[in-house]
Amino acid sequence: VPVSVNCKFEGNKPCHWSEVKGSLHYEYGINSHIHASNPGHAHYASLTANGTDLDPQYVRIESQRLAPNPAGKHAYCFSFWYYMFGTHAPWLEVRRMKLNNIWGNLTTDYTIWVQNTGMVDIWNEKSIDVVANQGDWKFAVDSLVEASSVGSVAFDDFKIVAGACNSNLANCDFELDLCGWKVDNDLPIKWIRTTALDNIDSPIGYDHTTGTEEGFYLEAKNSADTSIKENNLIAHLTSPIITNNANKQCVTFWFNIGALFDEPKPILRLIQNDYINGDQTTSHIVWSREGDQGTGWILGRSTVSVNDSLQ
């Protein structure tokens with residue numbers, strides 16, 4: 001495992017990562033513009049923009065040169081915490097750089113994760129699957145600062161382990177697929193994985209994960225022969241069964257139920273089904289919202305108790 005990637009940014013330095021020289025650079029330590037509590041450690045890397053830069057600029061740090069997984073799995077899980085908050089915060093992007101020879105000439109340099117919208121003052125955790133089976137490579141973490149950028153970005157607690165990221169949890173941004181979540185196709189309304197580009201008449205103008213029209217999200221849609229405005233029509237989305245002995249867990253998600261309909265008012269519910277030894281025992285509502293909640297994506301969250309397993 002290339003442990004040189006791991007970094008908690010203590011001591012006001014980026015560990016074994018190196019900065020690419022430019023007029024802007026990351027700061028290491030504590031940023032007075034970031035008020036949210038960092039769940040990882042006291043120090044982190046950050047960048048604050050105030051809208052005074054004339055030209056777009058990239059700020060980058062790069063990992064050391066890395067080799068493919070010697071065990072033959074050729075897969076890694078790269079995880080970290082990030083923060084993004086502001087009216088037009090700088091973008092944050094993770095890139096993978098494939099190296100051609102010992103001098104570090106690049107043959108490919110492509111994005112494996114990007115976040116360009118941050119409207120909530122919180123830290124978030126992210127894990128990325130990385131396949132490395134075609135020569136040496138590097139990680140790069142970029143921030144794009146535009147002339148209109150106002151806000152802060154930060155990251156902390158870089159960690160890499162051999163093998164794929166844990167896929168047993170219900171975490172999903174729906175960018176690639178449903179991540180094990182299941183749609184009940186027998187109901188007249190279905191959760192459809194779609195983009196804003198494919199729904200030009202929908203008031204949902206962009207995907208929350210990527211902040212773009214190209215990103216994917218789930219939207220409730222009726223079948224061709226059923227009016228979505230009829231009463232008592234339900235769309236059902238079910239997570240994988242989650243087993244966890246940590247007792248209480250926090251479920252977070254982003255939702256958008258603005259002025260989609262007039263009457264009847266739509267209701268969005270989070271329902272917890274409890275299981276013991278594989279058998280369902282109870283089912284109850286842990287979160288609910290009804291009717292127009294305003295425009296844009298809104299953060300929803302609820303605490304759930306896990307005794308054996310749940311769905």
# chains A, B, ... in the order shown; residues from 1 in each chain; ligands from 1
>>> residues_around(residues="Val286 in chain A", least_positions_apart="5", cutoff="12 Å", atoms="only C-alpha atoms", output="JSON, numbers by chain")
{"A": [250, 251, 268, 269, 270, 271, 272, 273, 274, 300, 301, 302, 303, 304, 305]}
>>> write_last_selection(atoms="N, CA and C atoms", output="PDB file, in the first residue's frame")
ATOM      1  N   CYS A 250     -26.168   8.405  11.660  1.00  0.00           N
ATOM      2  CA  CYS A 250     -26.801   9.577  11.044  1.00  0.00           C
ATOM      3  C   CYS A 250     -26.965   9.333   9.552  1.00  0.00           C
ATOM      4  N   VAL A 251     -28.179   9.409   9.066  1.00  0.00           N
ATOM      5  CA  VAL A 251     -28.476   9.282   7.638  1.00  0.00           C
ATOM      6  C   VAL A 251     -28.636  10.695   7.069  1.00  0.00           C
ATOM      7  N   LEU A 268     -42.527  13.253   1.015  1.00  0.00           N
ATOM      8  CA  LEU A 268     -41.286  12.481   0.953  1.00  0.00           C
ATOM      9  C   LEU A 268     -41.014  11.932   2.347  1.00  0.00           C
ATOM     10  N   ARG A 269     -40.839  10.609   2.442  1.00  0.00           N
ATOM     11  CA  ARG A 269     -40.647   9.977   3.743  1.00  0.00           C
ATOM     12  C   ARG A 269     -39.424   9.070   3.734  1.00  0.00           C
ATOM     13  N   LEU A 270     -38.751   9.037   4.874  1.00  0.00           N
ATOM     14  CA  LEU A 270     -37.686   8.069   5.121  1.00  0.00           C
ATOM     15  C   LEU A 270     -38.218   7.077   6.139  1.00  0.00           C
ATOM     16  N   ILE A 271     -38.314   5.820   5.723  1.00  0.00           N
ATOM     17  CA  ILE A 271     -38.910   4.773   6.562  1.00  0.00           C
ATOM     18  C   ILE A 271     -37.831   3.765   6.927  1.00  0.00           C
ATOM     19  N   GLN A 272     -37.755   3.428   8.196  1.00  0.00           N
ATOM     20  CA  GLN A 272     -36.774   2.465   8.681  1.00  0.00           C
ATOM     21  C   GLN A 272     -37.441   1.119   8.924  1.00  0.00           C
ATOM     22  N   ASN A 273     -36.950   0.085   8.233  1.00  0.00           N
ATOM     23  CA  ASN A 273     -37.385  -1.290   8.469  1.00  0.00           C
ATOM     24  C   ASN A 273     -36.309  -2.008   9.279  1.00  0.00           C
ATOM     25  N   ASP A 274     -36.663  -2.542  10.432  1.00  0.00           N
ATOM     26  CA  ASP A 274     -35.709  -3.229  11.298  1.00  0.00           C
ATOM     27  C   ASP A 274     -35.787  -4.736  11.080  1.00  0.00           C
ATOM     28  N   GLY A 300     -31.270  16.881   4.094  1.00  0.00           N
ATOM     29  CA  GLY A 300     -32.106  16.171   5.054  1.00  0.00           C
ATOM     30  C   GLY A 300     -31.240  15.227   5.872  1.00  0.00           C
ATOM     31  N   ARG A 301     -31.610  15.037   7.117  1.00  0.00           N
ATOM     32  CA  ARG A 301     -30.842  14.112   7.948  1.00  0.00           C
ATOM     33  C   ARG A 301     -31.711  13.568   9.072  1.00  0.00           C
ATOM     34  N   SER A 302     -31.349  12.375   9.524  1.00  0.00           N
ATOM     35  CA  SER A 302     -32.106  11.746  10.606  1.00  0.00           C
ATOM     36  C   SER A 302     -31.203  10.755  11.330  1.00  0.00           C
ATOM     37  N   THR A 303     -31.365  10.659  12.617  1.00  0.00           N
ATOM     38  CA  THR A 303     -30.639   9.669  13.409  1.00  0.00           C
ATOM     39  C   THR A 303     -31.442   8.373  13.448  1.00  0.00           C
ATOM     40  N   VAL A 304     -30.782   7.255  13.157  1.00  0.00           N
ATOM     41  CA  VAL A 304     -31.447   5.956  13.200  1.00  0.00           C
ATOM     42  C   VAL A 304     -30.677   5.063  14.171  1.00  0.00           C
ATOM     43  N   SER A 305     -31.409   4.181  14.831  1.00  0.00           N
ATOM     44  CA  SER A 305     -30.807   3.235  15.778  1.00  0.00           C
ATOM     45  C   SER A 305     -30.707   1.873  15.111  1.00  0.00           C
TER      46      SER A 305
END
>>> residues_around(residues="range 3-14 of chain A", least_positions_apart="2", cutoff="10 Å", atoms="only C-alpha atoms", output="tab-separated table (two decimals) with N, CA and C atoms, in the first residue's frame")
chain	number	residue	atom	x	y	z
A	1	VAL	N	0.84	-1.19	0.00
A	1	VAL	CA	0.00	0.00	0.00
A	1	VAL	C	0.88	1.24	0.00
A	16	HIS	N	3.99	14.00	2.51
A	16	HIS	CA	4.81	13.64	1.35
A	16	HIS	C	4.24	14.17	0.04
A	17	TRP	N	3.24	15.02	0.11
A	17	TRP	CA	2.69	15.66	-1.07
A	17	TRP	C	3.50	16.93	-1.37
A	18	SER	N	3.51	17.34	-2.62
A	18	SER	CA	4.25	18.54	-3.00
A	18	SER	C	3.35	19.49	-3.77
A	19	GLU	N	3.57	20.78	-3.57
A	19	GLU	CA	2.78	21.80	-4.26
A	19	GLU	C	3.38	22.11	-5.62
A	26	TYR	N	-2.20	26.49	-1.15
A	26	TYR	CA	-3.00	26.08	0.00
A	26	TYR	C	-2.33	26.55	1.28
A	27	GLU	N	-3.15	26.78	2.29
A	27	GLU	CA	-2.67	27.06	3.62
A	27	GLU	C	-2.87	25.83	4.49
A	28	TYR	N	-1.93	25.59	5.41
A	28	TYR	CA	-1.99	24.41	6.26
A	28	TYR	C	-2.09	24.85	7.72
A	29	GLY	N	-3.05	24.30	8.41
A	29	GLY	CA	-3.29	24.69	9.79
A	29	GLY	C	-4.77	24.89	10.02
A	30	ILE	N	-5.15	26.06	10.54
A	30	ILE	CA	-6.54	26.39	10.82
A	30	ILE	C	-6.90	27.67	10.10
A	40	GLY	N	-12.05	15.25	11.56
A	40	GLY	CA	-10.81	14.48	11.54
A	40	GLY	C	-9.80	14.96	12.56
A	41	HIS	N	-9.12	16.04	12.26
A	41	HIS	CA	-8.04	16.52	13.11
A	41	HIS	C	-8.07	18.04	13.12
A	42	ALA	N	-7.24	18.62	13.98
A	42	ALA	CA	-7.27	20.07	14.16
A	42	ALA	C	-6.80	20.82	12.92
A	43	HIS	N	-5.78	20.29	12.26
A	43	HIS	CA	-5.20	20.99	11.12
A	43	HIS	C	-5.66	20.38	9.80
A	44	TYR	N	-5.62	21.17	8.74
A	44	TYR	CA	-6.07	20.73	7.43
A	44	TYR	C	-5.47	21.67	6.38
A	45	ALA	N	-5.69	21.33	5.11
A	45	ALA	CA	-5.29	22.19	4.00
A	45	ALA	C	-6.51	22.97	3.53
A	61	ILE	N	-1.75	20.19	-5.42
A	61	ILE	CA	-0.72	19.40	-4.75
A	61	ILE	C	-0.74	18.01	-5.36
A	62	GLU	N	0.46	17.38	-5.42
A	62	GLU	CA	0.62	16.07	-6.04
A	62	GLU	C	1.24	15.10	-5.05
A	63	SER	N	0.82	13.84	-5.13
A	63	SER	CA	1.42	12.79	-4.31
A	63	SER	C	2.76	12.39	-4.90
A	64	GLN	N	3.49	11.54	-4.17
A	64	GLN	CA	4.69	10.95	-4.74
A	64	GLN	C	4.32	9.95	-5.83
A	65	ARG	N	5.32	9.56	-6.60
A	65	ARG	CA	5.11	8.56	-7.65
A	65	ARG	C	4.72	7.24	-7.01
A	66	LEU	N	3.65	6.61	-7.50
A	66	LEU	CA	3.12	5.38	-6.95
A	66	LEU	C	3.16	4.27	-7.99
A	78	PHE	N	-9.22	5.39	-1.98
A	78	PHE	CA	-8.68	6.66	-1.50
A	78	PHE	C	-9.81	7.42	-0.82
A	79	SER	N	-9.63	7.75	0.47
A	79	SER	CA	-10.68	8.43	1.23
A	79	SER	C	-10.12	9.71	1.84
A	80	PHE	N	-11.03	10.66	2.11
A	80	PHE	CA	-10.62	11.93	2.68
A	80	PHE	C	-11.86	12.68	3.16
A	138	LYS	N	0.27	8.97	-10.15
A	138	LYS	CA	0.20	9.91	-9.04
A	138	LYS	C	-1.24	10.34	-8.81
A	139	PHE	N	-1.50	10.85	-7.61
A	139	PHE	CA	-2.71	11.61	-7.34
A	139	PHE	C	-2.40	13.09	-7.47
A	155	PHE	N	-9.47	20.33	2.79
A	155	PHE	CA	-9.47	18.87	2.80
A	155	PHE	C	-8.53	18.38	3.89
A	156	ASP	N	-8.75	17.12	4.32
A	156	ASP	CA	-8.00	16.60	5.46
A	156	ASP	C	-8.05	15.08	5.45
A	157	ASP	N	-7.13	14.50	6.19
A	157	ASP	CA	-7.14	13.07	6.51
A	157	ASP	C	-7.14	12.19	5.27
A	158	PHE	N	-6.16	12.39	4.37
A	158	PHE	CA	-5.98	11.51	3.21
A	158	PHE	C	-5.62	10.11	3.71
A	159	LYS	N	-6.27	9.10	3.14
A	159	LYS	CA	-5.98	7.73	3.52
A	159	LYS	C	-6.19	6.82	2.32
A	160	ILE	N	-5.27	5.86	2.13
A	160	ILE	CA	-5.41	4.91	1.03
A	160	ILE	C	-5.20	3.50	1.56
A	161	VAL	N	-6.04	2.57	1.11
A	161	VAL	CA	-5.92	1.17	1.49
A	161	VAL	C	-6.03	0.32	0.23
>>> closest_residue(among="A:Ala154, A:Leu187, A:Tyr76, A:Asp177", to="Trp123 in chain A", atoms="only C-alpha atoms")
A:Ala154
>>> residues_around(residues="Thr108 in chain A", least_positions_apart="3", cutoff="9 Å", atoms="only C-alpha atoms", output="list in words")
Arg96, Met97, Lys98, Leu99 and Asn100 of chain A
>>> write_last_selection(atoms="N, CA, C and O atoms", output="short mmCIF file (atom, residue, chain, number, x, y, z; two decimals), in the first residue's frame")
data_model
loop_
_atom_site.label_atom_id
_atom_site.label_comp_id
_atom_site.auth_asym_id
_atom_site.auth_seq_id
_atom_site.Cartn_x
_atom_site.Cartn_y
_atom_site.Cartn_z
N ARG A 96 -6.17 11.62 -11.39
CA ARG A 96 -5.20 10.53 -11.44
C ARG A 96 -4.28 10.76 -12.63
O ARG A 96 -4.74 10.95 -13.75
N MET A 97 -2.98 10.75 -12.37
CA MET A 97 -1.99 11.02 -13.40
C MET A 97 -1.20 9.74 -13.68
O MET A 97 -0.49 9.24 -12.81
N LYS A 98 -1.32 9.19 -14.88
CA LYS A 98 -0.55 8.02 -15.27
C LYS A 98 0.78 8.49 -15.84
O LYS A 98 0.84 9.36 -16.71
N LEU A 99 1.89 7.88 -15.36
CA LEU A 99 3.23 8.32 -15.74
C LEU A 99 3.83 7.35 -16.75
O LEU A 99 3.73 6.13 -16.62
N ASN A 100 4.51 7.92 -17.72
CA ASN A 100 5.01 7.13 -18.83
C ASN A 100 6.40 6.58 -18.60
O ASN A 100 6.73 5.49 -19.06
#
>>> atom_distance(atom1="CA of Asn185 in chain A", atom2="CA of Leu237 in chain A")
9.7 Å
>>> atom_distance(atom1="CA of His88 in chain A", atom2="CA of Thr117 in chain A")
7.4 Å
>>> residues_around(residues="Gln311 in chain A", least_positions_apart="2", cutoff="12 Å", atoms="only C-alpha atoms", output="ChimeraX atom specification")
/A:169-170,180-182,237-244,251,270-276,278-284,304-309
>>> closest_residue(among="A:Ala89, A:Val141, A:Thr252, A:Ser152", to="Trp113 in chain A", atoms="only C-alpha atoms")
A:Val141
